[in-house]
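One file, start.csv, is given below (CSV, C-alpha atoms).
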```csv
chain,number,residue,atom,x,y,z
T,550,MET,CA,0.0,0.0,0.0
T,551,PRO,CA,1.1,3.6,-0.5
T,552,GLY,CA,4.0,5.2,1.3
T,553,VAL,CA,6.1,2.2,2.1
T,554,SER,CA,9.4,3.1,3.7
T,555,ARG,CA,11.9,0.4,2.7
T,556,ALA,CA,9.4,-2.3,3.5
T,557,PRO,CA,6.2,-3.8,1.9
T,558,LEU,CA,2.7,-3.8,3.2
T,559,LEU,CA,3.1,-7.5,4.0
T,560,ALA,CA,6.2,-9.4,3.3
T,561,SER,CA,5.1,-12.2,1.0
T,562,HIS,CA,8.3,-13.9,0.1
T,563,MET,CA,8.7,-15.1,-3.5
T,564,PRO,CA,10.7,-18.3,-3.6
T,565,ALA,CA,13.9,-18.3,-5.7
T,566,ASN,CA,12.5,-21.2,-7.9
T,567,SER,CA,9.2,-19.7,-8.6
T,568,PRO,CA,8.2,-20.4,-12.2
T,569,GLU,CA,7.4,-17.7,-14.7
T,570,GLY,CA,3.9,-16.9,-16.0
T,571,SER,CA,2.0,-19.0,-18.4
T,572,GLY,CA,2.2,-16.9,-21.5
T,573,GLU,CA,5.2,-16.8,-24.0
T,574,SER,CA,6.1,-13.4,-22.6
T,575,GLY,CA,5.9,-14.6,-19.0
T,576,VAL,CA,3.0,-12.3,-18.2
T,577,MET,CA,0.3,-14.4,-16.5
T,578,SER,CA,-2.7,-14.9,-18.9
T,579,ALA,CA,-4.9,-17.3,-17.0
T,580,PRO,CA,-7.9,-15.7,-15.2
T,581,ARG,CA,-7.1,-14.6,-11.7
T,582,MET,CA,-9.4,-15.0,-8.7
T,583,SER,CA,-10.5,-11.4,-9.1
T,584,THR,CA,-11.8,-12.2,-12.6
T,585,MET,CA,-13.5,-15.4,-11.5
T,586,LEU,CA,-15.3,-13.8,-8.6
T,587,TRP,CA,-16.1,-10.3,-9.8
T,588,GLY,CA,-15.3,-10.2,-13.5
T,589,VAL,CA,-12.6,-7.6,-13.0
T,590,ASP,CA,-9.2,-7.7,-14.7
T,591,LEU,CA,-6.7,-5.4,-13.0
T,592,ASN,CA,-4.4,-5.7,-16.0
T,593,LYS,CA,-7.0,-4.2,-18.3
T,594,GLY,CA,-6.1,-0.6,-19.2
T,595,LEU,CA,-2.4,-1.3,-18.6
T,596,PRO,CA,0.1,0.0,-19.3
T,597,ARG,CA,-0.8,3.3,-17.6
T,598,VAL,CA,1.5,6.3,-17.4
T,599,LEU,CA,1.6,7.7,-13.9
T,600,SER,CA,4.2,10.5,-13.9
T,601,ASN,CA,5.7,13.1,-16.2
T,602,ASP,CA,9.0,11.3,-16.2
T,603,GLY,CA,7.4,8.1,-17.5
T,604,VAL,CA,6.8,5.8,-14.5
T,605,VAL,CA,4.2,3.4,-15.8
T,606,ALA,CA,2.0,0.6,-14.3
T,607,VAL,CA,2.3,-2.6,-16.3
T,608,ALA,CA,0.9,-6.1,-16.0
T,609,GLY,CA,3.1,-8.1,-13.6
T,610,GLU,CA,5.3,-11.0,-14.4
T,611,LEU,CA,6.0,-13.4,-11.5
T,612,ALA,CA,9.7,-13.9,-12.4
T,613,ARG,CA,10.3,-10.1,-12.6
T,614,VAL,CA,8.5,-9.5,-9.3
T,615,ARG,CA,10.6,-12.2,-7.6
T,616,ASN,CA,13.8,-10.8,-9.0
T,617,PHE,CA,12.8,-7.3,-8.0
T,618,LEU,CA,12.1,-8.3,-4.4
T,619,ALA,CA,15.3,-10.4,-4.2
T,620,ALA,CA,17.4,-7.4,-5.4
T,621,GLU,CA,15.7,-4.5,-3.6
T,622,PHE,CA,14.2,-6.1,-0.5
T,623,PRO,CA,16.4,-9.0,0.3
T,624,TRP,CA,16.1,-8.6,4.1
T,625,PHE,CA,12.4,-9.6,4.5
T,626,GLY,CA,10.4,-12.7,3.9
T,627,GLU,CA,8.5,-15.4,5.6
T,628,GLU,CA,11.6,-17.7,5.7
T,629,THR,CA,13.8,-14.9,6.9
T,630,LEU,CA,11.6,-14.0,9.8
T,631,GLY,CA,10.7,-17.6,10.8
T,632,ALA,CA,11.4,-21.2,10.1
T,633,GLU,CA,12.1,-22.6,6.7
T,634,LEU,CA,9.0,-23.7,4.9
T,635,HIS,CA,8.3,-27.3,4.1
T,636,ALA,CA,8.7,-28.1,0.3
T,637,HIS,CA,4.9,-28.8,0.1
T,638,ILE,CA,4.1,-25.3,1.4
T,639,VAL,CA,6.6,-23.7,-1.0
T,640,SER,CA,4.9,-25.5,-3.8
T,641,ALA,CA,1.5,-24.4,-2.5
T,642,LYS,CA,2.7,-20.8,-2.3
T,643,GLN,CA,3.9,-20.8,-5.9
T,644,CYS,CA,0.5,-22.2,-7.0
T,645,TYR,CA,-1.3,-19.4,-5.0
T,646,LEU,CA,0.8,-16.7,-6.5
T,647,ARG,CA,0.4,-18.1,-10.1
T,648,THR,CA,-3.4,-18.7,-9.9
T,649,ALA,CA,-4.9,-16.4,-7.3
T,650,CYS,CA,-2.9,-13.2,-7.1
T,651,ASP,CA,-3.0,-10.1,-9.3
T,652,LEU,CA,0.5,-8.7,-10.0
T,653,ILE,CA,1.1,-5.1,-11.1
T,654,GLU,CA,4.5,-3.6,-11.6
T,655,LEU,CA,5.7,0.0,-11.6
T,656,GLN,CA,8.4,0.5,-14.2
T,657,HIS,CA,10.6,3.4,-15.2
T,658,ARG,CA,12.5,3.0,-18.5
T,659,GLU,CA,11.7,-0.7,-18.4
T,660,ARG,CA,13.2,-1.1,-15.0
T,661,THR,CA,10.8,-2.4,-12.2
T,662,VAL,CA,10.7,0.0,-9.4
T,663,GLY,CA,7.7,-1.2,-7.5
T,664,VAL,CA,5.2,-4.1,-7.2
T,665,LEU,CA,1.7,-4.7,-6.0
T,666,VAL,CA,0.5,-8.2,-5.1
T,667,GLY,CA,-3.1,-8.8,-4.1
T,668,ALA,CA,-6.1,-11.1,-4.3
T,669,PRO,CA,-9.7,-11.4,-3.0
T,670,GLU,CA,-9.9,-12.0,0.7
T,671,ASP,CA,-13.5,-13.1,0.4
T,672,TRP,CA,-16.5,-12.5,-1.8
T,673,SER,CA,-16.6,-8.7,-1.2
T,674,THR,CA,-13.1,-7.8,0.0
T,675,TYR,CA,-9.8,-7.3,-1.8
T,676,TYR,CA,-6.6,-7.9,0.2
T,677,VAL,CA,-3.3,-6.2,-0.8
T,678,ARG,CA,-0.7,-8.7,0.3
T,679,MET,CA,2.2,-6.5,-0.7
T,680,PHE,CA,3.0,-3.1,-2.0
T,681,ALA,CA,6.7,-2.2,-2.2
T,682,ILE,CA,8.5,0.6,-4.0
T,683,VAL,CA,12.2,1.5,-4.1
T,684,GLN,CA,12.9,4.5,-1.9
T,685,SER,CA,13.8,6.9,-4.7
T,686,TYR,CA,10.4,6.4,-6.3
T,687,GLN,CA,8.3,6.7,-3.2
T,688,ARG,CA,6.3,9.8,-4.4
T,689,PRO,CA,3.1,10.4,-2.6
T,690,SER,CA,1.2,11.9,-5.5
T,691,MET,CA,2.2,9.2,-7.9
T,692,THR,CA,1.4,6.5,-5.4
T,693,ARG,CA,-2.0,7.9,-4.7
T,694,ARG,CA,-2.8,8.1,-8.4
T,695,PHE,CA,-1.7,4.5,-8.9
T,696,VAL,CA,-3.8,3.2,-6.1
T,697,ARG,CA,-6.9,5.1,-7.1
T,698,GLU,CA,-6.7,4.4,-10.9
T,699,CYS,CA,-5.3,0.8,-10.9
T,700,LEU,CA,-7.0,-0.5,-7.7
T,701,PHE,CA,-9.9,1.5,-6.3
T,702,ASP,CA,-11.6,2.5,-9.6
T,703,PRO,CA,-11.7,-0.9,-11.3
T,704,LEU,CA,-12.6,-2.8,-8.1
T,705,GLY,CA,-15.3,-0.2,-7.2
T,706,ALA,CA,-16.7,-0.4,-10.7
T,707,HIS,CA,-17.3,-4.1,-10.2
T,708,HIS,CA,-19.0,-3.6,-6.8
T,709,VAL,CA,-16.2,-4.8,-4.6
T,710,GLU,CA,-17.0,-3.4,-1.2
T,711,ARG,CA,-13.6,-2.8,0.4
T,712,VAL,CA,-9.9,-2.9,0.1
T,713,VAL,CA,-7.9,-4.1,3.1
T,714,GLY,CA,-4.2,-4.3,4.1
T,715,ASP,CA,-2.0,-4.8,7.1
T,716,THR,CA,1.1,-2.9,8.1
T,717,SER,CA,3.4,-2.6,11.1
T,718,PRO,CA,2.4,0.0,13.8
T,719,ALA,CA,5.9,1.4,13.4
T,720,ASN,CA,5.4,2.3,9.8
T,721,LEU,CA,4.3,6.0,10.3
T,722,GLY,CA,4.7,6.9,6.6
T,723,MET,CA,2.3,4.1,5.6
T,724,ALA,CA,-0.2,5.1,8.3
T,725,ARG,CA,-0.1,8.7,7.1
T,726,LEU,CA,-0.9,7.8,3.5
T,727,PHE,CA,-3.5,5.3,4.6
T,728,ASN,CA,-5.2,8.2,6.2
T,729,GLU,CA,-4.9,10.4,3.2
T,730,LEU,CA,-6.6,7.7,1.1
T,731,HIS,CA,-9.4,7.5,3.6
T,732,PHE,CA,-8.7,4.1,5.1
T,733,HIS,CA,-10.0,3.3,8.6
T,734,VAL,CA,-8.3,1.3,11.3
T,735,THR,CA,-10.5,-1.8,11.6
T,736,GLY,CA,-8.4,-4.3,13.6
T,737,ASN,CA,-5.0,-5.5,14.8
T,738,GLN,CA,-3.3,-8.8,15.3
T,739,LEU,CA,-0.1,-10.3,16.6
T,740,SER,CA,1.0,-12.5,13.7
T,741,ASP,CA,3.3,-15.5,14.2
T,742,ARG,CA,4.8,-14.8,10.8
T,743,TRP,CA,4.9,-11.0,10.6
T,744,GLY,CA,4.7,-9.7,14.2
T,745,PRO,CA,2.3,-7.0,15.2
T,746,LEU,CA,0.0,-5.7,12.4
T,747,ILE,CA,-2.7,-3.1,12.1
T,748,ARG,CA,-5.6,-3.7,9.7
T,749,TYR,CA,-6.7,-0.8,7.5
T,750,THR,CA,-9.8,-0.8,5.4
T,751,ARG,CA,-10.8,1.5,2.5
T,752,PHE,CA,-14.5,1.2,1.8
T,753,LEU,CA,-15.4,1.4,-1.9
T,754,ASP,CA,-19.1,1.0,-1.2
T,755,PRO,CA,-20.4,4.1,0.7
T,756,ALA,CA,-23.1,2.1,2.4
T,757,ARG,CA,-20.5,-0.2,4.0
T,758,GLU,CA,-18.7,2.8,5.3
T,759,VAL,CA,-21.9,4.3,6.8
T,760,ALA,CA,-22.6,1.0,8.4
T,761,PHE,CA,-19.1,0.9,9.9
T,762,LEU,CA,-19.3,4.5,11.2
T,763,LYS,CA,-22.7,3.8,12.9
T,764,ARG,CA,-21.0,1.2,15.0
T,765,TYR,CA,-18.5,3.8,16.3
T,766,PRO,CA,-20.5,7.0,17.2
T,767,GLY,CA,-17.3,8.9,18.0
T,768,ILE,CA,-16.1,8.7,14.4
T,769,ILE,CA,-17.1,11.0,11.6
T,770,ALA,CA,-16.3,10.8,7.9
T,771,GLY,CA,-12.8,11.9,7.1
T,772,GLY,CA,-11.1,10.4,10.1
T,773,GLY,CA,-12.1,13.0,12.7
T,774,THR,CA,-13.9,12.5,16.0
T,775,ARG,CA,-16.9,14.1,17.6
T,776,MET,CA,-17.9,14.5,21.2
T,777,ARG,CA,-21.0,12.7,22.5
T,778,LYS,CA,-23.7,15.1,23.7
T,779,GLU,CA,-23.3,14.1,27.2
T,780,GLU,CA,-19.6,14.8,27.2
T,781,PRO,CA,-18.5,18.2,28.5
T,782,PRO,CA,-16.7,20.6,26.1
```
As structure tokens, the full file:
Amino acid sequence: MPGVSRAPLLASHMPANSPEGSGESGVMSAPRMSTMLWGVDLNKGLPRVLSNDGVVAVAGELARVRNFLAAEFPWFGEETLGAELHAHIVSAKQCYLRTACDLIELQHRERTVGVLVGAPEDWSTYYVRMFAIVQSYQRPSMTRRFVRECLFDPLGAHHVERVVGDTSPANLGMARLFNELHFHVTGNQLSDRWGPLIRYTRFLDPAREVAFLKRYPGIIAGGGTRMRKEEPP
């Protein structure tokens, strides 16, 4: 998600022996889970130019994503943070990444400078597993444009109700941009794989946001708070 500071939203390690995509070019061509559930193809409309200097969003290739993460973010990963995975789980992860996940890359002059990996969490919710951008390309305006045009708009047009993601409570840059993109804090957990995480939710369906806000009378749209009538000024 936007504003990562030298770390992804959620470190989803790409094994070194991950196979490439199914097409001749390596770009995955089989329908993703998003297409099967909602009829949305996040690669439709790509490539999309995002900045004046030519940063462009393109359909992702698993091998390029893997190589980018190995080169730019070698210090994180499920295996790095915990025990080595059983070969059966490594194979299952590869299958999940090939068949379930959407991959989008940010490229500049044909060099990958960022990646997004995501998939449906359930029938109405899209989960961003990872969003990582090299530090020199972490531009808030470009990141916001990418997220809105390549994620929020196509998902919302297909009636997906919300986008969710998790990040470390120490990632203040990420938290700031979550707020700028009108995410709400909707949970937290202590993960055995990733440590403490805060769950953020961006409602794409206004009715779902209204329902959420009704459950928390101290919250108003835009992230502010209001005092209850019985509270003194």
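The space separating CA of Leu599 (chain T) from CA of Gln687 (chain T) comes to 12.7 Å.
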Figure out the distance between CA of Asp715 (chain T) and CA of Phe680 (chain T), please, to one decimal in Å.
10.5 Å
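You will find CA of Phe732 (chain T) at 23.6 Å from CA of Met582 (chain T).
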Residues at most 9 Å from Glu729 (chain T), counting only C-alpha atoms, excluding those fewer than 3 positions away in the same chain, as a VMD selection string?
chain T and resid 693 724 to 726 732 771
Given the selection you just returned, output its residues as a file containing C-alpha atoms, formatted as a short mmCIF file (atom, residue, chain, number, x, y, z; two decimals), in the coordinates of the input.
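This is the output file result.cif:
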```
data_model
loop_
_atom_site.label_atom_id
_atom_site.label_comp_id
_atom_site.auth_asym_id
_atom_site.auth_seq_id
_atom_site.Cartn_x
_atom_site.Cartn_y
_atom_site.Cartn_z
CA ARG T 693 -2.00 7.90 -4.70
CA ALA T 724 -0.20 5.10 8.30
CA ARG T 725 -0.10 8.70 7.10
CA LEU T 726 -0.90 7.80 3.50
CA PHE T 732 -8.70 4.10 5.10
CA GLY T 771 -12.80 11.90 7.10
#
```
Is it possible to get the residues within 9 Å of (-5.9, -2.2, 4.7) (coordinates as in the file, counting all atoms listed in the file) written as a list in words?
Met550, Leu558, Tyr676, Val677, Arg711, Val712, Val713, Gly714, Asp715, Thr716, Phe727, Phe732, His733, Val734, Thr735, Ile747, Arg748, Tyr749, Thr750 and Arg751 of chain T
Do a neighbour search on Leu704 (chain T) at 12 Å with all atoms listed in the file, toss out local chain neighbours closer than 2 positions, and write the hits as number ranges by chain.
T: 583-584, 586-593, 667-669, 673-676, 696-702, 706-712, 751-754
Excluding Val683 (chain T) and residues on its chain fewer than 3 positions from it, collect all residues at most 8 Å away from it, counting all atoms listed in the file, and give them as a list in words.
Arg555, Glu621, Val662, Gly663, Tyr686 and Gln687 of chain T
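Considering all atoms listed in the file, the residue among T:Leu739, T:Val664, T:Pro689, T:Pro745 positioned nearest to Phe622 (chain T) is T:Val664.
Take the candidates T:Ala579, T:Ala636, T:Pro703, T:Val598 and check each one against Gln656 (chain T) using all atoms listed in the file; the shortest distance goes to T:Val598.
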Find the residues near region 644-650 of chain T: any atom within 7 Å, counting only C-alpha atoms, skip ones fewer than 2 places away on the same chain, and give them as a ChimeraX atom specification.
/T:570,581-582,640-642,652,666-668
Take the residues that were just selected and, keeping C-alpha atoms, output them as a PDB file, in the coordinates of the input.
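Okay, part_5.pdb is ready:
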```
ATOM      1  CA  GLY T 570       3.900 -16.900 -16.000  1.00  0.00           C
ATOM      2  CA  ARG T 581      -7.100 -14.600 -11.700  1.00  0.00           C
ATOM      3  CA  MET T 582      -9.400 -15.000  -8.700  1.00  0.00           C
ATOM      4  CA  SER T 640       4.900 -25.500  -3.800  1.00  0.00           C
ATOM      5  CA  ALA T 641       1.500 -24.400  -2.500  1.00  0.00           C
ATOM      6  CA  LYS T 642       2.700 -20.800  -2.300  1.00  0.00           C
ATOM      7  CA  LEU T 652       0.500  -8.700 -10.000  1.00  0.00           C
ATOM      8  CA  VAL T 666       0.500  -8.200  -5.100  1.00  0.00           C
ATOM      9  CA  GLY T 667      -3.100  -8.800  -4.100  1.00  0.00           C
ATOM     10  CA  ALA T 668      -6.100 -11.100  -4.300  1.00  0.00           C
TER      11      ALA T 668
END
```
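Minimum atom-to-atom distances from T:Gly705, T:Ser740, T:Thr661, T:Ala719 to Pro755 (chain T) were compared using all atoms listed in the file, and the lowest value belongs to T:Gly705.
Protein and nucleic acid residues near (13.5, 6.3, -13.8) are Asp602, Gly603, Val604, Gln656, His657, Arg658, Glu659, Arg660, Val662 and Tyr686 of chain T, the criterion being any atom at most 9 Å away using all atoms listed in the file.
In this comparison, which uses only C-alpha atoms, the residue of T:Arg757, T:Phe695, T:Ile638, T:Pro623 approaching Val607 (chain T) most closely is T:Phe695.
In terms of minimum interatomic distance to Ser600 (chain T), T:Thr692 ranks closest within T:Thr692, T:Leu665, T:Val614, T:Pro580, counting only C-alpha atoms.
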